[in-house]
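Note sheet for the following structure.
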Amino acid sequence: MASQMIREWAGINSFAPATQTKLLELLGKLKQENVNSLTVLVMGKGGVGKSSTVNSLLGERAVPISPFQSEGTRPLMFSRSRAGFTLNVIDTPGLIEGGYVSGMALNNIKSFLLNKTIDVLLYVDRLDAYRVDNLDKEVVKAITYSFGKGIWNRALVVLTHAQLSPPDGYAYEGFVSKRSEALLKIVRLGAGLKKQDAQALTIPVVLVENSGRCNKNENDEKVLPNGTAWISHLVQTMTEVILNGSKSIHVDKKLIEGPNPNDKGKLLIPLLLAIQYFCVIKPIERAITSDIAKESRPSWEMRDSGAAGRKF
């Protein structure tokens with residue numbers, strides 16, 4: 001069962017003082033915009049670091065993680081409160097099973113999210129995955145089909161395992177750029193965005209390193225090889241997405257179930273009835289009227305009438 005009890009966000013105290021200060025500043029910025037709560041949905045394939053990212057964001061081991069334990073099959077929500085602000089983070093099961101998108105996992109996620117509002121989507125993958133394939137596209141399509149294209153206006157691409165040494169011939173920033181562009185291209189294709197929409201949509205990419213081997217700067221903040229303090233950078237980017245003017249995604253029954261296929265032709269019914277009336281019923285009526293007119297006189301009368309009209 002998902003944990004929905006709101007607890008004090010004690011995990012924030014585990015961050016370096018500099019990180020704490022930045023996070024509280026960002027939460028204050030949201031409150032100034034009348035945003036007093038934030039619901040973050042974390043999705044992606046299995047084994048990419050979704051649960052680890054949830055733990056890093058909360059500053060606590062909220063989700064038990066073991067390399068010898070399979071992922072859970074149901075979402076979990078963790079709610080934390082600090083300084084009048086509530087942070088809800090939803091961890092979800094991996095969307096792939098047996099080489100295909102798992103319908104069961106997707107249905108569990110949608111059912112769990114019913115009547116909830118998604119403020120930010122973290123679409124998680126690994127930086128050290130060197131290729132993208134059709135399976136990545138299918139995952140994006142499944143997310144889009146479930147929550148609509150608008151979900152990508154509220155999305156970040158989060159790349160884990162960012163404390164890496166790039167392959168030979170690549171500088172760190174160059175490798176990150178190449179990997180990011182490849183994944184963003186798949187997101188645009190999988191989401192079915194039109195060219196003009198894809199060009200207008202900017203999905204930010206954020207790097208994270210959840211392992212204990214992450215380097216630290218002089219302020220004791222966890223930093224990436226490029227020097228970015230990634231925890232505060234992740235929250236800052238989430239804040240920018242929230243304040244970009246797009247709408248949060250409210251998950252109602254209509255969104256989950258999709259359009260009713262029985263409704264597709266309802267607007268055409270009056271037109272079809274009109275066509276049927278003028279093209280089928282009317283000609284039949286005229287034919288029947290004509291037949292009745294002919295049959296209303298006895299055959300002998302019609303014969304005599306015809307004979308009288310002949311001249312001898």
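Order determines the names: the first chain of the structure tokens is A, the second B, and so forth; residues in each chain are numbered 1 upward, and ligands are numbered 1 upward as they are shown.
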
Show me, as a Markdown table, the residues of segment 172-237 of chain A having an atom within 12 Å of segment 27-47 of chain A, each with the closest atom pair and its distance in Å, using only C-alpha atoms.
```
| residue | atom | partner | partner_atom | distance |
| --- | --- | --- | --- | --- |
| A:Val187 | CA | A:Gly44 | CA | 11.8 |
| A:Ser232 | CA | A:Leu27 | CA | 11.1 |
| A:Leu234 | CA | A:Val40 | CA | 11.9 |
| A:Val235 | CA | A:Leu27 | CA | 9.0 |
| A:Gln236 | CA | A:Leu27 | CA | 9.3 |
```

Written selection (N, CA, C and O atoms) as a PDB file, in the first residue's frame:
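Contents of the output file result05.pdb:
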```pdb
ATOM      1  N   VAL A 187      11.958  10.785 -27.289  1.00  0.00           N
ATOM      2  CA  VAL A 187      10.811  11.322 -26.553  1.00  0.00           C
ATOM      3  C   VAL A 187       9.872  12.064 -27.497  1.00  0.00           C
ATOM      4  O   VAL A 187       8.647  11.880 -27.458  1.00  0.00           O
ATOM      5  N   SER A 232      20.477  20.348  -5.694  1.00  0.00           N
ATOM      6  CA  SER A 232      19.841  21.668  -5.794  1.00  0.00           C
ATOM      7  C   SER A 232      19.532  22.011  -7.246  1.00  0.00           C
ATOM      8  O   SER A 232      18.522  22.673  -7.529  1.00  0.00           O
ATOM      9  N   LEU A 234      18.641  19.855  -9.572  1.00  0.00           N
ATOM     10  CA  LEU A 234      17.433  19.112  -9.917  1.00  0.00           C
ATOM     11  C   LEU A 234      16.191  19.847  -9.433  1.00  0.00           C
ATOM     12  O   LEU A 234      15.229  20.045 -10.192  1.00  0.00           O
ATOM     13  N   VAL A 235      16.197  20.279  -8.170  1.00  0.00           N
ATOM     14  CA  VAL A 235      15.036  20.990  -7.615  1.00  0.00           C
ATOM     15  C   VAL A 235      14.840  22.338  -8.306  1.00  0.00           C
ATOM     16  O   VAL A 235      13.704  22.764  -8.557  1.00  0.00           O
ATOM     17  N   GLN A 236      15.926  23.016  -8.631  1.00  0.00           N
ATOM     18  CA  GLN A 236      15.814  24.288  -9.340  1.00  0.00           C
ATOM     19  C   GLN A 236      15.160  24.097 -10.705  1.00  0.00           C
ATOM     20  O   GLN A 236      14.289  24.879 -11.106  1.00  0.00           O
TER      21      GLN A 236
END
```

Polymer residues at most 10 Å from Tyr100 of chain A, only C-alpha atoms, same-chain spacing of 4 or more positions, as a list in words: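 Result of the neighbour search: Leu95, Ile96, Leu135, Glu138 and Val139 of chain A.
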
Once you count only C-alpha atoms, what closest atom pair and distance in Å to one decimal does each residue of segment 87-119 of chain A within 8 Å of segment 49-67 of chain A have, with rows by chain and rising residue number, as JSON lines?
```
{"residue": "A:Val89", "atom": "CA", "partner": "A:Val54", "partner_atom": "CA", "distance": 6.9}
{"residue": "A:Ile90", "atom": "CA", "partner": "A:Val54", "partner_atom": "CA", "distance": 7.9}
{"residue": "A:Asp91", "atom": "CA", "partner": "A:Ser51", "partner_atom": "CA", "distance": 6.2}
{"residue": "A:Thr92", "atom": "CA", "partner": "A:Lys50", "partner_atom": "CA", "distance": 7.7}
```

Gap from atom CA of Asn244 of chain A to atom CA of Gly148 of chain A - Å, one decimal: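 Between atom CA of Asn244 of chain A and atom CA of Gly148 of chain A the gap is 18.0 Å.
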
Nearby residues (only C-alpha atoms) at most 7 Å from segment 200-209 of chain A, same-chain spacing under 4 positions excluded, as a VMD selection string: chain A and resid 153 155 to 163 180 196 214 230 234

d(atom CA of Asp252 of chain A, atom CA of Gly94 of chain A) in Å: 22.4 Å

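Nearest residue to Tyr123 of chain A, choosing from A:Val251, A:Arg154, A:Gly103, A:Ser111 and counting only C-alpha atoms: A:Arg154.
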
Selection near Lys178 of chain A, 12 Å with only C-alpha atoms, sequence-local residues under 6 positions removed, as a PyMOL selection string: chain A and resi 127-132+166+170-172+184-185+205

Export N, CA, C and O atoms of the chosen residues as a tab-separated table (two decimals), in the first residue's frame?
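Written out: result-v5.tsv:
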```
chain	number	residue	atom	x	y	z
A	127	LEU	N	22.58	7.62	-17.92
A	127	LEU	CA	23.52	8.30	-18.79
A	127	LEU	C	24.45	7.31	-19.47
A	127	LEU	O	24.87	7.51	-20.61
A	128	ASP	N	24.77	6.23	-18.78
A	128	ASP	CA	25.73	5.27	-19.32
A	128	ASP	C	25.09	4.22	-20.22
A	128	ASP	O	25.72	3.20	-20.53
A	129	ALA	N	23.85	4.43	-20.63
A	129	ALA	CA	23.24	3.59	-21.66
A	129	ALA	C	23.56	4.24	-23.00
A	129	ALA	O	23.12	5.35	-23.27
A	130	TYR	N	24.30	3.55	-23.83
A	130	TYR	CA	24.87	4.21	-25.00
A	130	TYR	C	23.95	4.26	-26.20
A	130	TYR	O	24.24	4.93	-27.18
A	131	ARG	N	22.85	3.51	-26.16
A	131	ARG	CA	21.97	3.49	-27.33
A	131	ARG	C	20.52	3.64	-26.91
A	131	ARG	O	20.14	3.33	-25.78
A	132	VAL	N	19.73	4.13	-27.82
A	132	VAL	CA	18.28	4.14	-27.64
A	132	VAL	C	17.69	3.23	-28.72
A	132	VAL	O	18.29	3.04	-29.78
A	166	PRO	N	33.59	9.01	-19.70
A	166	PRO	CA	33.06	8.78	-21.06
A	166	PRO	C	33.95	7.83	-21.85
A	166	PRO	O	35.13	7.65	-21.53
A	170	TYR	N	35.61	10.96	-26.22
A	170	TYR	CA	34.55	11.88	-25.83
A	170	TYR	C	34.95	12.66	-24.59
A	170	TYR	O	35.42	12.08	-23.61
A	171	ALA	N	34.73	13.96	-24.64
A	171	ALA	CA	34.79	14.76	-23.43
A	171	ALA	C	33.48	14.56	-22.68
A	171	ALA	O	32.47	14.18	-23.27
A	172	TYR	N	33.50	14.83	-21.39
A	172	TYR	CA	32.29	14.59	-20.58
A	172	TYR	C	31.09	15.35	-21.12
A	172	TYR	O	30.03	14.76	-21.35
A	184	LEU	N	16.17	12.64	-26.20
A	184	LEU	CA	15.13	13.64	-26.45
A	184	LEU	C	14.46	13.42	-27.81
A	184	LEU	O	13.25	13.64	-27.96
A	185	LYS	N	15.22	12.97	-28.78
A	185	LYS	CA	14.65	12.68	-30.10
A	185	LYS	C	13.63	11.55	-29.98
A	185	LYS	O	12.53	11.62	-30.57
A	205	VAL	N	17.20	18.45	-19.39
A	205	VAL	CA	17.88	17.22	-19.00
A	205	VAL	C	18.71	17.51	-17.75
A	205	VAL	O	19.48	18.48	-17.73
```

Let's see if you can do this: from backbone DSSP, list all strand (DSSP E or B) residues in segment 162-242 of chain A, as a JSON list (two decimals) with N, CA and C atoms, in the first residue's frame.
```json
[["chain", "number", "residue", "atom", "x", "y", "z"],
["A", 205, "VAL", "N", 17.20, 18.45, -19.39],
["A", 205, "VAL", "CA", 17.88, 17.22, -19.00],
["A", 205, "VAL", "C", 18.71, 17.51, -17.75],
["A", 206, "VAL", "N", 18.54, 16.67, -16.73],
["A", 206, "VAL", "CA", 19.26, 16.85, -15.47],
["A", 206, "VAL", "C", 20.04, 15.58, -15.17],
["A", 207, "LEU", "N", 21.27, 15.74, -14.76],
["A", 207, "LEU", "CA", 22.12, 14.60, -14.42],
["A", 207, "LEU", "C", 22.12, 14.38, -12.91],
["A", 215, "ASN", "N", 31.25, 12.62, -6.01],
["A", 215, "ASN", "CA", 32.21, 13.61, -5.50],
["A", 215, "ASN", "C", 31.48, 14.75, -4.78],
["A", 216, "LYS", "N", 32.24, 15.46, -3.96],
["A", 216, "LYS", "CA", 31.69, 16.61, -3.23],
["A", 216, "LYS", "C", 32.59, 17.83, -3.42],
["A", 222, "LYS", "N", 27.08, 17.32, -3.05],
["A", 222, "LYS", "CA", 27.36, 16.29, -4.05],
["A", 222, "LYS", "C", 27.41, 16.94, -5.42],
["A", 223, "VAL", "N", 28.51, 16.70, -6.14],
["A", 223, "VAL", "CA", 28.70, 17.35, -7.43],
["A", 223, "VAL", "C", 29.04, 16.32, -8.51],
["A", 229, "ALA", "N", 26.37, 21.05, -8.55],
["A", 229, "ALA", "CA", 25.77, 20.49, -7.34],
["A", 229, "ALA", "C", 24.38, 19.98, -7.73]]
```

A:Glu181, A:Thr21, A:Ala83, A:Leu26 ranked by distance to Trp9 of chain A, top pick (using only C-alpha atoms):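 Among the listed residues, the smallest separation from Trp9 of chain A belongs to A:Ala83.
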
Sel. of alpha helix (DSSP H) residues, segment 42-174 of chain A, as a count of residues only: 37

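Atom pair atom CA of Val120 of chain A / atom CA of Met238 of chain A: separated by 6.9 Å.
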